[in-house]
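Structure file my_file-v7.pdb (PDB, C-alpha atoms) follows.
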ATOM      1  CA  MET A   1       0.000   0.000   0.000
ATOM      2  CA  ALA A   2       1.344   3.420  -0.981
ATOM      3  CA  ARG A   3       2.440   5.863   1.716
ATOM      4  CA  TYR A   4       2.011   9.613   1.345
ATOM      5  CA  LEU A   5       3.490  12.813   2.742
ATOM      6  CA  THR A   6       2.049  16.261   3.143
ATOM      7  CA  ILE A   7       4.692  18.895   2.476
ATOM      8  CA  SER A   8       3.872  22.472   3.470
ATOM      9  CA  LEU A   9       5.202  25.986   3.288
ATOM     10  CA  ASP A  10       3.525  26.962   6.522
ATOM     11  CA  LYS A  11       3.621  30.781   6.481
ATOM     12  CA  ARG A  12       2.297  30.857   2.933
ATOM     13  CA  GLY A  13      -0.407  28.272   3.724
ATOM     14  CA  VAL A  14       0.460  26.063   0.735
ATOM     15  CA  SER A  15       0.871  22.310   0.734
ATOM     16  CA  CYS A  16       1.245  19.398  -1.625
ATOM     17  CA  ARG A  17       0.958  15.631  -1.458
ATOM     18  CA  ALA A  18       3.802  13.256  -2.337
ATOM     19  CA  VAL A  19       3.933   9.490  -2.649
ATOM     20  CA  LEU A  20       6.908   7.643  -1.173
ATOM     21  CA  LEU A  21       8.986   5.660  -3.661
ATOM     22  CA  ASP A  22       9.328   2.611  -1.414
ATOM     23  CA  ARG A  23      10.370   0.344  -4.274
ATOM     24  CA  ASP A  24      13.156   2.660  -5.489
ATOM     25  CA  ALA A  25      14.471   4.001  -2.171
ATOM     26  CA  PRO A  26      13.291   1.685   0.618
ATOM     27  CA  ARG A  27      15.925   2.620   3.229
ATOM     28  CA  THR A  28      15.489   6.353   2.708
ATOM     29  CA  CYS A  29      11.685   6.115   2.720
ATOM     30  CA  GLN A  30      11.700   4.167   5.971
ATOM     31  CA  ALA A  31      14.180   6.538   7.640
ATOM     32  CA  VAL A  32      12.107   9.594   6.685
ATOM     33  CA  TRP A  33       8.775   7.948   7.556
ATOM     34  CA  ASP A  34      10.028   6.924  10.997
ATOM     35  CA  ALA A  35      11.289  10.469  11.683
ATOM     36  CA  LEU A  36       8.106  12.346  10.686
ATOM     37  CA  PRO A  37       6.990  14.994  11.326
ATOM     38  CA  GLN A  38       9.964  17.188  10.418
ATOM     39  CA  SER A  39       9.967  20.958  10.097
ATOM     40  CA  GLY A  40      12.525  23.715   9.863
ATOM     41  CA  SER A  41      13.392  27.034   8.329
ATOM     42  CA  ALA A  42      12.768  27.079   4.593
ATOM     43  CA  TYR A  43      15.583  28.025   2.222
ATOM     44  CA  HIS A  44      15.600  28.580  -1.521
ATOM     45  CA  ALA A  45      18.603  27.044  -3.278
ATOM     46  CA  LYS A  46      21.476  29.221  -4.443
ATOM     47  CA  TYR A  47      23.172  26.648  -6.661
ATOM     48  CA  ALA A  48      20.654  23.962  -7.583
ATOM     49  CA  ARG A  49      18.091  26.377  -9.070
ATOM     50  CA  ASN A  50      14.424  25.371  -8.502
ATOM     51  CA  GLU A  51      14.738  23.898  -5.019
ATOM     52  CA  VAL A  52      13.236  24.676  -1.628
ATOM     53  CA  TYR A  53      14.655  22.819   1.354
ATOM     54  CA  THR A  54      14.979  22.637   5.097
ATOM     55  CA  LEU A  55      17.825  21.467   7.288
ATOM     56  CA  VAL A  56      17.063  19.304  10.309
ATOM     57  CA  PRO A  57      19.312  17.353  12.684
ATOM     58  CA  PRO A  58      20.330  13.925  11.372
ATOM     59  CA  PHE A  59      17.628  11.359  12.114
ATOM     60  CA  ALA A  60      18.607   8.203  10.224
ATOM     61  CA  ASP A  61      20.572   5.635  12.201
ATOM     62  CA  PRO A  62      22.096   4.088  10.267
ATOM     63  CA  ALA A  63      22.153   6.543   7.374
ATOM     64  CA  PRO A  64      20.424   5.085   4.310
ATOM     65  CA  GLY A  65      23.422   5.480   2.017
ATOM     66  CA  ARG A  66      22.967   6.080  -1.691
ATOM     67  CA  GLU A  67      19.802   4.795  -3.316
ATOM     68  CA  ASN A  68      17.885   6.173  -6.266
ATOM     69  CA  PRO A  69      20.440   9.012  -6.478
ATOM     70  CA  THR A  70      20.350  11.961  -8.822
ATOM     71  CA  VAL A  71      22.257  15.150  -9.607
ATOM     72  CA  THR A  72      19.532  16.289 -12.042
ATOM     73  CA  PRO A  73      16.225  16.275 -10.139
ATOM     74  CA  ILE A  74      13.025  16.937 -12.050
ATOM     75  CA  PRO A  75       9.915  18.886 -11.031
ATOM     76  CA  GLY A  76       8.108  17.068  -8.234
ATOM     77  CA  ASP A  77      11.140  15.179  -6.924
ATOM     78  CA  VAL A  78      11.491  15.045  -3.127
ATOM     79  CA  VAL A  79      15.110  14.440  -2.186
ATOM     80  CA  TYR A  80      17.069  13.441   0.935
ATOM     81  CA  PHE A  81      20.643  14.591   1.532
ATOM     82  CA  GLY A  82      22.783  13.607   4.510
ATOM     83  CA  PHE A  83      25.593  16.088   5.215
ATOM     84  CA  GLU A  84      28.542  15.895   7.552
ATOM     85  CA  ALA A  85      29.222  19.055   9.562
ATOM     86  CA  TRP A  86      32.240  19.985   7.414
ATOM     87  CA  GLU A  87      30.150  19.795   4.233
ATOM     88  CA  ILE A  88      27.467  22.289   5.207
ATOM     89  CA  GLY A  89      28.582  24.414   8.161
ATOM     90  CA  ASN A  90      30.669  26.847   6.092
ATOM     91  CA  PRO A  91      29.893  30.364   7.422
ATOM     92  CA  ALA A  92      29.853  31.661   3.836
ATOM     93  CA  TYR A  93      26.623  29.736   3.224
ATOM     94  CA  GLY A  94      24.788  32.208   5.462
ATOM     95  CA  TYR A  95      22.739  29.908   7.708
ATOM     96  CA  GLU A  96      21.602  31.472  10.973
ATOM     97  CA  GLU A  97      23.458  30.377  14.102
ATOM     98  CA  THR A  98      20.556  28.190  15.292
ATOM     99  CA  SER A  99      20.377  26.271  11.998
ATOM    100  CA  ALA A 100      21.016  22.528  11.890
ATOM    101  CA  ALA A 101      23.753  23.426   9.383
ATOM    102  CA  HIS A 102      25.970  24.264  12.360
ATOM    103  CA  ASP A 103      25.259  21.066  14.316
ATOM    104  CA  THR A 104      28.459  19.158  15.048
ATOM    105  CA  GLY A 105      26.712  15.974  13.886
ATOM    106  CA  GLY A 106      25.926  17.383  10.456
ATOM    107  CA  ALA A 107      22.467  17.932   8.994
ATOM    108  CA  THR A 108      19.757  16.256   6.992
ATOM    109  CA  ASP A 109      18.455  18.242   4.042
ATOM    110  CA  LEU A 110      14.894  17.498   2.888
ATOM    111  CA  ALA A 111      14.197  19.189  -0.433
ATOM    112  CA  ILE A 112      11.518  19.619  -3.039
ATOM    113  CA  PHE A 113      12.162  20.531  -6.660
ATOM    114  CA  TYR A 114       9.502  22.559  -8.425
ATOM    115  CA  GLY A 115      10.902  23.407 -11.846
ATOM    116  CA  ARG A 116      13.171  22.128 -14.606
ATOM    117  CA  ASN A 117      16.889  22.425 -15.315
ATOM    118  CA  ASN A 118      18.219  21.648 -11.842
ATOM    119  CA  LEU A 119      21.814  20.628 -11.323
ATOM    120  CA  LEU A 120      23.091  19.483  -7.944
ATOM    121  CA  ILE A 121      26.539  20.997  -7.907
ATOM    122  CA  ASN A 122      28.186  23.194  -5.322
ATOM    123  CA  GLY A 123      31.022  25.473  -6.360
ATOM    124  CA  ASP A 124      32.948  24.618  -3.196
ATOM    125  CA  ALA A 125      32.332  20.871  -3.073
ATOM    126  CA  GLY A 126      31.441  19.625  -6.557
ATOM    127  CA  TRP A 127      28.627  17.175  -7.296
ATOM    128  CA  VAL A 128      26.023  16.746  -4.547
ATOM    129  CA  PRO A 129      23.940  13.632  -5.290
ATOM    130  CA  GLY A 130      20.736  13.153  -3.326
ATOM    131  CA  ASN A 131      18.294  10.281  -2.854
ATOM    132  CA  VAL A 132      14.958  10.748  -4.610
ATOM    133  CA  PHE A 133      12.538   9.183  -2.122
ATOM    134  CA  ALA A 134       9.154  10.650  -3.093
ATOM    135  CA  THR A 135       7.386  12.429  -5.910
ATOM    136  CA  ILE A 136       4.769  15.165  -5.648
ATOM    137  CA  VAL A 137       1.458  13.931  -7.039
ATOM    138  CA  GLU A 138      -0.885  16.793  -6.028
ATOM    139  CA  GLY A 139      -0.342  20.518  -5.548
ATOM    140  CA  LEU A 140       2.921  21.019  -7.453
ATOM    141  CA  PRO A 141       1.728  24.152  -9.336
ATOM    142  CA  GLU A 142       0.716  25.817  -6.062
ATOM    143  CA  MET A 143       4.014  24.866  -4.396
ATOM    144  CA  ALA A 144       5.930  26.145  -7.429
ATOM    145  CA  ALA A 145       4.158  29.511  -7.213
ATOM    146  CA  ALA A 146       4.909  29.729  -3.481
ATOM    147  CA  ALA A 147       8.542  28.740  -4.111
ATOM    148  CA  GLN A 148       8.883  31.511  -6.689
ATOM    149  CA  ASP A 149       7.468  33.898  -4.095
ATOM    150  CA  LEU A 150      10.196  32.698  -1.698
ATOM    151  CA  TRP A 151      12.809  33.428  -4.349
ATOM    152  CA  LEU A 152      11.446  36.902  -5.098
ATOM    153  CA  ARG A 153      10.418  38.065  -1.622
ATOM    154  CA  GLY A 154      12.638  36.052   0.733
ATOM    155  CA  VAL A 155      12.390  33.121   3.064
ATOM    156  CA  GLU A 156      12.442  34.919   6.409
ATOM    157  CA  GLY A 157       9.972  33.360   8.827
ATOM    158  CA  GLU A 158       8.961  30.563   6.442
ATOM    159  CA  THR A 159       9.079  26.907   7.453
ATOM    160  CA  LEU A 160       9.026  23.800   5.294
ATOM    161  CA  SER A 161       7.247  20.895   6.965
ATOM    162  CA  PHE A 162       6.972  17.191   6.168
ATOM    163  CA  ALA A 163       4.267  15.016   7.773
ATOM    164  CA  ARG A 164       2.561  11.692   7.218
ATOM    165  CA  ALA A 165      -0.599  11.925   5.115
ATOM    166  CA  GLU A 166      -3.554   9.585   4.788
TER     167      GLU A 166
END

Output the file's structure in the form of structure tokens.
Amino acid sequence: MARYLTISLDKRGVSCRAVLLDRDAPRTCQAVWDALPQSGSAYHAKYARNEVYTLVPPFADPAPGRENPTVTPIPGDVVYFGFEAWEIGNPAYGYEETSAAHDTGGATDLAIFYGRNNLLINGDAGWVPGNVFATIVEGLPEMAAAAQDLWLRGVEGETLSFARAE
């Protein structure tokens, strides 16, 4: 039986529904499912292009490792990244002091992609593959419009939340 997530930009009051890709990324799906709900400050990508993400403390033990990886996510992809502290805590990235980016244990990045032509590369680190663990099946146009609003007007005070859905 399929499992679903509700993903929300809380301040903007917009949400979408995503189906877990249990067959393609079973370890990642289970790790995320077991850790729900998750919520944190929303960020719009600087490098990857059409991405909105949040950083939360690591929750997968053990980490799922690579499965269903991509460096070219498509619209509707929901992606998991596990980062070590040295990979993401660079002060130049501009995360506030309370962000999970500065946690000594690293951070988990949960991201949604809402448009085309994404490339997961970081000028400082190179390729940044992530695990595609879900796909948005309802509400992508509304999330894309809200994500563009984040890009144009800023992310301050916005949270990105992931929860189990019926």

Checklist entry - Which polymer residues have any atom within 8 Å of an atom of Ile121 (chain A), counting all atoms listed in the file, with same-chain residues fewer than 2 positions away left out, as an MDAnalysis selection string? => result chainID A and resid 47:48 71 119 123 125:128

Checklist entry - How would you write as a PyMOL selection string the residues that get within 12 Å of (1.7, 21.9, 4.2) in the file's frame, counting only C-alpha atoms? => result chain A and resi 5-18+37-39+138-140+142-143+146+158-165

Please, could you write that set of residues out with C-alpha atoms as a PDB file, keeping the file's coordinate frame?
ATOM      1  CA  LEU A   5       3.490  12.813   2.742  1.00  0.00           C
ATOM      2  CA  THR A   6       2.049  16.261   3.143  1.00  0.00           C
ATOM      3  CA  ILE A   7       4.692  18.895   2.476  1.00  0.00           C
ATOM      4  CA  SER A   8       3.872  22.472   3.470  1.00  0.00           C
ATOM      5  CA  LEU A   9       5.202  25.986   3.288  1.00  0.00           C
ATOM      6  CA  ASP A  10       3.525  26.962   6.522  1.00  0.00           C
ATOM      7  CA  LYS A  11       3.621  30.781   6.481  1.00  0.00           C
ATOM      8  CA  ARG A  12       2.297  30.857   2.933  1.00  0.00           C
ATOM      9  CA  GLY A  13      -0.407  28.272   3.724  1.00  0.00           C
ATOM     10  CA  VAL A  14       0.460  26.063   0.735  1.00  0.00           C
ATOM     11  CA  SER A  15       0.871  22.310   0.734  1.00  0.00           C
ATOM     12  CA  CYS A  16       1.245  19.398  -1.625  1.00  0.00           C
ATOM     13  CA  ARG A  17       0.958  15.631  -1.458  1.00  0.00           C
ATOM     14  CA  ALA A  18       3.802  13.256  -2.337  1.00  0.00           C
ATOM     15  CA  PRO A  37       6.990  14.994  11.326  1.00  0.00           C
ATOM     16  CA  GLN A  38       9.964  17.188  10.418  1.00  0.00           C
ATOM     17  CA  SER A  39       9.967  20.958  10.097  1.00  0.00           C
ATOM     18  CA  GLU A 138      -0.885  16.793  -6.028  1.00  0.00           C
ATOM     19  CA  GLY A 139      -0.342  20.518  -5.548  1.00  0.00           C
ATOM     20  CA  LEU A 140       2.921  21.019  -7.453  1.00  0.00           C
ATOM     21  CA  GLU A 142       0.716  25.817  -6.062  1.00  0.00           C
ATOM     22  CA  MET A 143       4.014  24.866  -4.396  1.00  0.00           C
ATOM     23  CA  ALA A 146       4.909  29.729  -3.481  1.00  0.00           C
ATOM     24  CA  GLU A 158       8.961  30.563   6.442  1.00  0.00           C
ATOM     25  CA  THR A 159       9.079  26.907   7.453  1.00  0.00           C
ATOM     26  CA  LEU A 160       9.026  23.800   5.294  1.00  0.00           C
ATOM     27  CA  SER A 161       7.247  20.895   6.965  1.00  0.00           C
ATOM     28  CA  PHE A 162       6.972  17.191   6.168  1.00  0.00           C
ATOM     29  CA  ALA A 163       4.267  15.016   7.773  1.00  0.00           C
ATOM     30  CA  ARG A 164       2.561  11.692   7.218  1.00  0.00           C
ATOM     31  CA  ALA A 165      -0.599  11.925   5.115  1.00  0.00           C
TER      32      ALA A 165
END

Next on the checklist: I want to know what sits within 9 Å of Arg49 (chain A), based on all atoms listed in the file, with residues of the same chain fewer than 6 positions away left out; could you give that as a ChimeraX atom specification?
Outcome noted: /A:113,115-120

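If you apply the PyMOL selection byres ((chain A and resi 54) around 6) to this structure, you end up with Gly40, Ser41, Ala42, Tyr53, Leu55, Asp109 and Leu110 of chain A.
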
Item to check | d(CA of Val155 (chain A), CA of Thr108 (chain A)) in Å | outcome: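 A separation of 18.8 Å between them.
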
Next on the checklist: For a quick check of understanding, using all atoms listed in the file, which of A:Trp151, A:Tyr95, A:Phe133, A:Phe81 has the smallest distance to Asp22 (chain A)?
Outcome noted: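 Using all atoms listed in the file, Asp22 (chain A) sits closest to A:Phe133.
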
Next on the checklist: When you count all atoms listed in the file, which of these residues is closest to Asp77 (chain A): A:Gln148, A:Asn122, A:Thr135, A:Ser99?
Outcome noted: A:Thr135

Checklist entry - Could you write out as a ChimeraX atom specification the residues that the PyMOL selection byres ((chain A and resi 60-69) around 10) matches in the shown file? => result /A:21,23-32,34-35,57-59,70-73,79-82,108,128-133

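Distances to Val52 (chain A) were evaluated for A:Glu96, A:Ala134, A:Val78, A:Ala107 using all atoms listed in the file, and the minimum falls at A:Val78.
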
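If you measure from each of A:Ala85, A:Ile74, A:Val56, A:Leu150 to Tyr43 (chain A) using all atoms listed in the file, the closest one turns out to be A:Leu150.
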
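Residue membership of the PyMOL selection byres ((chain A and resi 86) around 10) in the shown file amounts to A:Phe83, A:Glu84, A:Ala85, A:Glu87, A:Ile88, A:Gly89, A:Asn90, A:Ala101, A:His102, A:Asp103, A:Thr104, A:Gly105, A:Gly106.
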
Next on the checklist: What's the separation between CA of Ile136 (chain A) and CA of Ile112 (chain A), in Å to one decimal place?
Outcome noted: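 Atom-to-atom, CA of Ile136 (chain A) to CA of Ile112 (chain A), that is 8.5 Å.
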
Next on the checklist: Report, in Å to a single decimal, how far apart CA of Ala111 (chain A) and CA of Arg3 (chain A) are.
Outcome noted: 17.9 Å

Centre and edge lengths of an axis-aligned box around all listed atoms of region 130-133 of chain A, with 4 Å added on each side, are to be given in Å to one decimal, as AutoDock Vina command-line options.
--center_x 16.6 --center_y 11.2 --center_z -3.4 --size_x 16.2 --size_y 12.0 --size_z 10.5
